Every structure is written in structure tokens, then in C-alpha cells.
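Shown below: start33.cif, with mmCIF, C-alpha atoms.
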```cif
data_input
loop_
_atom_site.group_PDB
_atom_site.id
_atom_site.type_symbol
_atom_site.label_atom_id
_atom_site.label_comp_id
_atom_site.auth_asym_id
_atom_site.auth_seq_id
_atom_site.Cartn_x
_atom_site.Cartn_y
_atom_site.Cartn_z
ATOM 1 C CA MET P 1 9.454 12.052 -56.678
ATOM 2 C CA ASP P 2 8.423 11.032 -60.182
ATOM 3 C CA PHE P 3 8.586 7.365 -61.108
ATOM 4 C CA ILE P 4 9.459 6.831 -64.748
ATOM 5 C CA VAL P 5 8.888 3.302 -65.972
ATOM 6 C CA GLY P 6 8.923 1.802 -69.414
ATOM 7 C CA ALA P 7 10.905 -0.495 -71.647
ATOM 8 C CA GLY P 8 13.990 -0.651 -69.450
ATOM 9 C CA PRO P 9 15.278 0.128 -65.948
ATOM 10 C CA ASP P 10 15.276 3.812 -65.077
ATOM 11 C CA PHE P 11 17.379 5.869 -62.675
ATOM 12 C CA VAL P 12 15.221 5.021 -59.666
ATOM 13 C CA MET P 13 15.389 1.285 -60.347
ATOM 14 C CA ARG P 14 19.125 1.326 -61.058
ATOM 15 C CA HIS P 15 19.735 2.913 -57.687
ATOM 16 C CA GLY P 16 17.663 0.307 -55.888
ATOM 17 C CA MET P 17 15.033 2.787 -54.773
ATOM 18 C CA MET P 18 12.173 0.719 -56.152
ATOM 19 C CA GLU P 19 11.508 -2.252 -58.404
ATOM 20 C CA VAL P 20 8.965 -2.152 -61.191
ATOM 21 C CA PHE P 21 8.033 -5.429 -62.822
ATOM 22 C CA HIS P 22 5.747 -5.491 -65.811
ATOM 23 C CA GLY P 23 3.684 -8.658 -66.043
ATOM 24 C CA ALA P 24 1.254 -10.438 -68.309
ATOM 25 C CA VAL P 25 -0.772 -13.643 -68.306
ATOM 26 C CA VAL P 26 -1.856 -15.606 -71.371
ATOM 27 C CA ARG P 27 -4.752 -17.980 -70.810
ATOM 28 C CA ALA P 28 -6.672 -20.261 -73.170
ATOM 29 C CA VAL P 29 -10.043 -21.833 -72.394
ATOM 30 C CA ASN P 30 -11.744 -24.388 -74.662
ATOM 31 C CA ASP P 31 -15.417 -24.427 -75.650
ATOM 32 C CA ALA P 32 -16.224 -26.553 -72.603
ATOM 33 C CA GLY P 33 -14.811 -23.847 -70.326
ATOM 34 C CA VAL P 34 -11.750 -25.903 -69.395
ATOM 35 C CA GLU P 35 -8.465 -24.037 -69.120
ATOM 36 C CA VAL P 36 -6.009 -25.580 -71.589
ATOM 37 C CA PHE P 37 -3.154 -23.073 -71.254
ATOM 38 C CA HIS P 38 -2.079 -20.688 -68.517
ATOM 39 C CA GLU P 39 1.332 -19.041 -68.477
ATOM 40 C CA SER P 40 2.541 -15.815 -66.945
ATOM 41 C CA THR P 41 5.695 -13.769 -67.235
ATOM 42 C CA SER P 42 7.148 -10.706 -65.580
ATOM 43 C CA ASP P 43 10.301 -8.706 -66.050
ATOM 44 C CA ARG P 44 11.689 -5.245 -65.445
ATOM 45 C CA SER P 45 11.586 -4.741 -69.200
ATOM 46 C CA LEU P 46 8.209 -4.339 -70.872
ATOM 47 C CA TRP P 47 9.920 -5.400 -74.124
ATOM 48 C CA VAL P 48 10.863 -8.784 -72.625
ATOM 49 C CA VAL P 49 7.329 -9.361 -71.332
ATOM 50 C CA ALA P 50 5.845 -8.542 -74.752
ATOM 51 C CA LYS P 51 8.268 -10.913 -76.500
ATOM 52 C CA VAL P 52 7.335 -13.822 -74.220
ATOM 53 C CA VAL P 53 3.617 -13.039 -74.586
ATOM 54 C CA ALA P 54 3.963 -13.065 -78.392
ATOM 55 C CA GLU P 55 5.571 -16.525 -78.157
ATOM 56 C CA TYR P 56 2.735 -17.782 -75.907
ATOM 57 C CA LEU P 57 0.143 -16.419 -78.338
ATOM 58 C CA ARG P 58 1.849 -18.119 -81.302
ATOM 59 C CA ALA P 59 1.897 -21.381 -79.340
ATOM 60 C CA ASN P 60 -1.884 -21.056 -79.026
ATOM 61 C CA GLY P 61 -2.568 -20.521 -82.705
ATOM 62 C CA ILE P 62 -2.594 -16.711 -82.802
ATOM 63 C CA GLY P 63 -0.988 -15.625 -86.056
ATOM 64 C CA GLU P 64 0.366 -12.364 -87.417
ATOM 65 C CA ASP P 65 -3.053 -11.122 -88.578
ATOM 66 C CA GLU P 66 -4.558 -11.409 -85.105
ATOM 67 C CA GLY P 67 -1.372 -10.200 -83.432
ATOM 68 C CA VAL P 68 -1.121 -7.068 -85.528
ATOM 69 C CA ALA P 69 -4.808 -6.344 -84.944
ATOM 70 C CA ILE P 70 -4.540 -6.777 -81.170
ATOM 71 C CA GLY P 71 -6.769 -4.458 -79.204
ATOM 72 C CA PHE P 72 -6.945 -3.936 -75.481
ATOM 73 C CA ALA P 73 -10.047 -3.129 -73.466
ATOM 74 C CA GLY P 74 -8.342 -1.644 -70.446
ATOM 75 C CA ILE P 75 -5.499 -4.072 -69.854
ATOM 76 C CA ASN P 76 -7.140 -7.189 -71.287
ATOM 77 C CA ALA P 77 -7.228 -8.573 -74.819
ATOM 78 C CA GLU P 78 -9.202 -11.546 -76.085
ATOM 79 C CA PHE P 79 -8.976 -13.668 -79.241
ATOM 80 C CA LYS P 80 -11.804 -16.027 -80.179
ATOM 81 C CA LEU P 81 -10.516 -18.970 -82.192
ATOM 82 C CA LYS P 82 -12.343 -22.066 -83.308
ATOM 83 C CA GLY P 83 -12.635 -24.216 -80.231
ATOM 84 C CA LYS P 84 -11.108 -21.821 -77.696
ATOM 85 C CA ILE P 85 -10.741 -18.318 -76.359
ATOM 86 C CA VAL P 86 -7.230 -16.969 -75.747
ATOM 87 C CA SER P 87 -6.883 -13.957 -73.479
ATOM 88 C CA ILE P 88 -4.073 -11.680 -72.312
ATOM 89 C CA LYS P 89 -4.134 -9.778 -69.053
ATOM 90 C CA MET P 90 -1.444 -7.213 -68.414
ATOM 91 C CA ARG P 91 -0.444 -6.346 -64.855
ATOM 92 C CA LEU P 92 0.858 -2.902 -64.022
ATOM 93 C CA PRO P 93 2.292 -1.591 -60.767
ATOM 94 C CA GLU P 94 -0.441 -0.133 -58.564
ATOM 95 C CA MET P 95 1.460 3.097 -57.887
ATOM 96 C CA LEU P 96 1.375 4.159 -61.543
ATOM 97 C CA PRO P 97 -0.697 7.165 -62.561
ATOM 98 C CA VAL P 98 -3.500 6.296 -65.005
ATOM 99 C CA ASP P 99 -1.928 8.187 -67.921
ATOM 100 C CA MET P 100 1.368 6.327 -67.439
ATOM 101 C CA GLY P 101 -0.528 3.015 -67.392
ATOM 102 C CA ASP P 102 -2.317 3.940 -70.607
ATOM 103 C CA TRP P 103 1.022 4.773 -72.234
ATOM 104 C CA LEU P 104 2.532 1.448 -71.124
ATOM 105 C CA ILE P 105 -0.442 -0.454 -72.554
ATOM 106 C CA LEU P 106 0.129 1.228 -75.927
ATOM 107 C CA GLN P 107 3.847 0.396 -75.766
ATOM 108 C CA PHE P 108 3.073 -3.224 -74.857
ATOM 109 C CA LYS P 109 0.651 -3.507 -77.768
ATOM 110 C CA ASP P 110 3.187 -2.009 -80.182
ATOM 111 C CA PHE P 111 5.932 -4.363 -78.991
ATOM 112 C CA ILE P 112 3.683 -7.395 -79.510
ATOM 113 C CA ARG P 113 2.830 -6.198 -83.027
ATOM 114 C CA LYS P 114 6.532 -5.915 -83.840
ATOM 115 C CA PHE P 115 7.227 -9.436 -82.590
ATOM 116 C CA PHE P 116 4.446 -10.791 -84.780
ATOM 117 C CA GLU P 117 5.867 -8.975 -87.803
ATOM 118 C CA ILE P 118 9.228 -10.687 -87.262
ATOM 119 C CA GLN P 119 8.999 -14.207 -88.655
ATOM 120 C CA ALA P 120 10.571 -16.991 -86.611
ATOM 121 C CA PRO P 121 13.595 -18.628 -88.339
ATOM 122 C CA ASP P 122 11.808 -21.963 -88.795
ATOM 123 C CA GLN P 123 8.775 -20.427 -90.542
#
```
Rewritten as C-alpha cells:
Amino acid sequence: MDFIVGAGPDFVMRHGMMEVFHGAVVRAVNDAGVEVFHESTSDRSLWVVAKVVAEYLRANGIGEDEGVAIGFAGINAEFKLKGKIVSIKMRLPEMLPVDMGDWLILQFKDFIRKFFEIQAPDQ
């Protein structure tokens, strides 16, 4: 059986045959090495996870320039800002083939870029 996962529930998930949750953690550590922010999110939709992660990054001073230039080394990304380091770690289901995981990482990155390009109403 092939498992197809992505931005929304697929046939297998809709029929209750398995659950796939995409997850991500955003963490900020100050220059003294003290964790000043740690939030995680998970959802069946990769789109939802990316949207929440973009909001967490904005809350930690990551702007559109950094967000659009996001790069992952494997499933981790790191931003060095004055006074702190903000990192993202993406969690993928263990049963996924490597090529599917790579594709999901690219999708996740693209979703985050799109959320950064959309200005919040109060900005």
C-alpha cells in the first residue's frame, strides 16, 4: 500500500486507516544559552503547521527577508539574530520514504515563504 501524505488528508487518512500528523518546533535561545521561547504545533495539514510556524517566527523577530530566504539543512533551519538564535525543527512520520520526506520539506518551506509574503492586517 502506498501512503500519500501532503497538504491535506488523503484517502487512507479519510478512511481511518492511518493518521499522519506533520509537526514543527520553534525554539529561541539567547546569547547566554537560555531558552526564551519554545512552542510546537502539529496538524494533519502541512499548510496549517507552516502557518503557525510563520506566526511563531514573526513573534521572535524573524521578518519577511529572513522568512523568504529560509533554508533547511535536513529538517532543521536556524536564524541568528542579535542576541538570540531561533531554530525550526520539522517532524515527519517515521514510515515516510526519504524522497517523500524531502518533498514535504520543500512544501513546508514554500508554505512558510508564502505566509511571510502575506502582510498581517495590522502591519
**Message:** Please determine, counting only C-alpha atoms, which residue among P:Phe115, P:Ala24, P:Asp99, P:Asn60 has the shortest atom-to-atom distance to Ala77 in chain P.
**Reply:**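 So, comparing all the options, the nearest one is P:Ala24.
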**Request:** For CA of Ser42 in chain P and CA of His22 in chain P, determine how far apart the two atoms are, in Å to one decimal place.
**Result:**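 Between CA of Ser42 in chain P and CA of His22 in chain P the gap is 5.4 Å.
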**Request:** Kindly resolve the PyMOL selection byres ((chain P and resi 76) around 10) on the present coordinates and return the residues as a list in words.
**Result:**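 Answer for the PyMOL selection byres ((chain P and resi 76) around 10): Ala24, Val25, Val26, Gly71, Phe72, Ala73, Gly74, Ile75, Ala77, Glu78, Ser87, Ile88, Lys89, Met90, Arg91 and Ile105 of chain P.
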**Asked** With distances taken over only C-alpha atoms, which of P:Leu106, P:Met100, P:Ile70, P:Met95 is nearest to Leu57 in chain P?
**Response** P:Ile70
**Point (8.3, -13.0, -65.7) neighbourhood (7 Å, only C-alpha atoms) written as a list of chain:residue names** = P:Gly23, P:Ser40, P:Thr41, P:Ser42, P:Asp43, P:Val49
Give me a file of those residues, with C-alpha atoms, as an mmCIF file, in the frame of the given file.
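Wrote out23.cif, looks like this:
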```
data_model
loop_
_atom_site.group_PDB
_atom_site.id
_atom_site.type_symbol
_atom_site.label_atom_id
_atom_site.label_comp_id
_atom_site.auth_asym_id
_atom_site.auth_seq_id
_atom_site.Cartn_x
_atom_site.Cartn_y
_atom_site.Cartn_z
ATOM 1 C CA GLY P 23 3.684 -8.658 -66.043
ATOM 2 C CA SER P 40 2.541 -15.815 -66.945
ATOM 3 C CA THR P 41 5.695 -13.769 -67.235
ATOM 4 C CA SER P 42 7.148 -10.706 -65.580
ATOM 5 C CA ASP P 43 10.301 -8.706 -66.050
ATOM 6 C CA VAL P 49 7.329 -9.361 -71.332
#
```
**Message:** Give me, as a PyMOL selection string, all polymer residues having an atom no more than 8 Å from Phe79 in chain P, counting only C-alpha atoms and skipping those fewer than 5 positions away in the same chain.
**Reply:** chain P and resi 62+66+85-87
**Request:** Calculate how many Å separate CA of Lys82 in chain P from CA of Phe111 in chain P, rounding to one decimal.
**Result:**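 CA of Phe111 in chain P lies 25.8 Å from CA of Lys82 in chain P.
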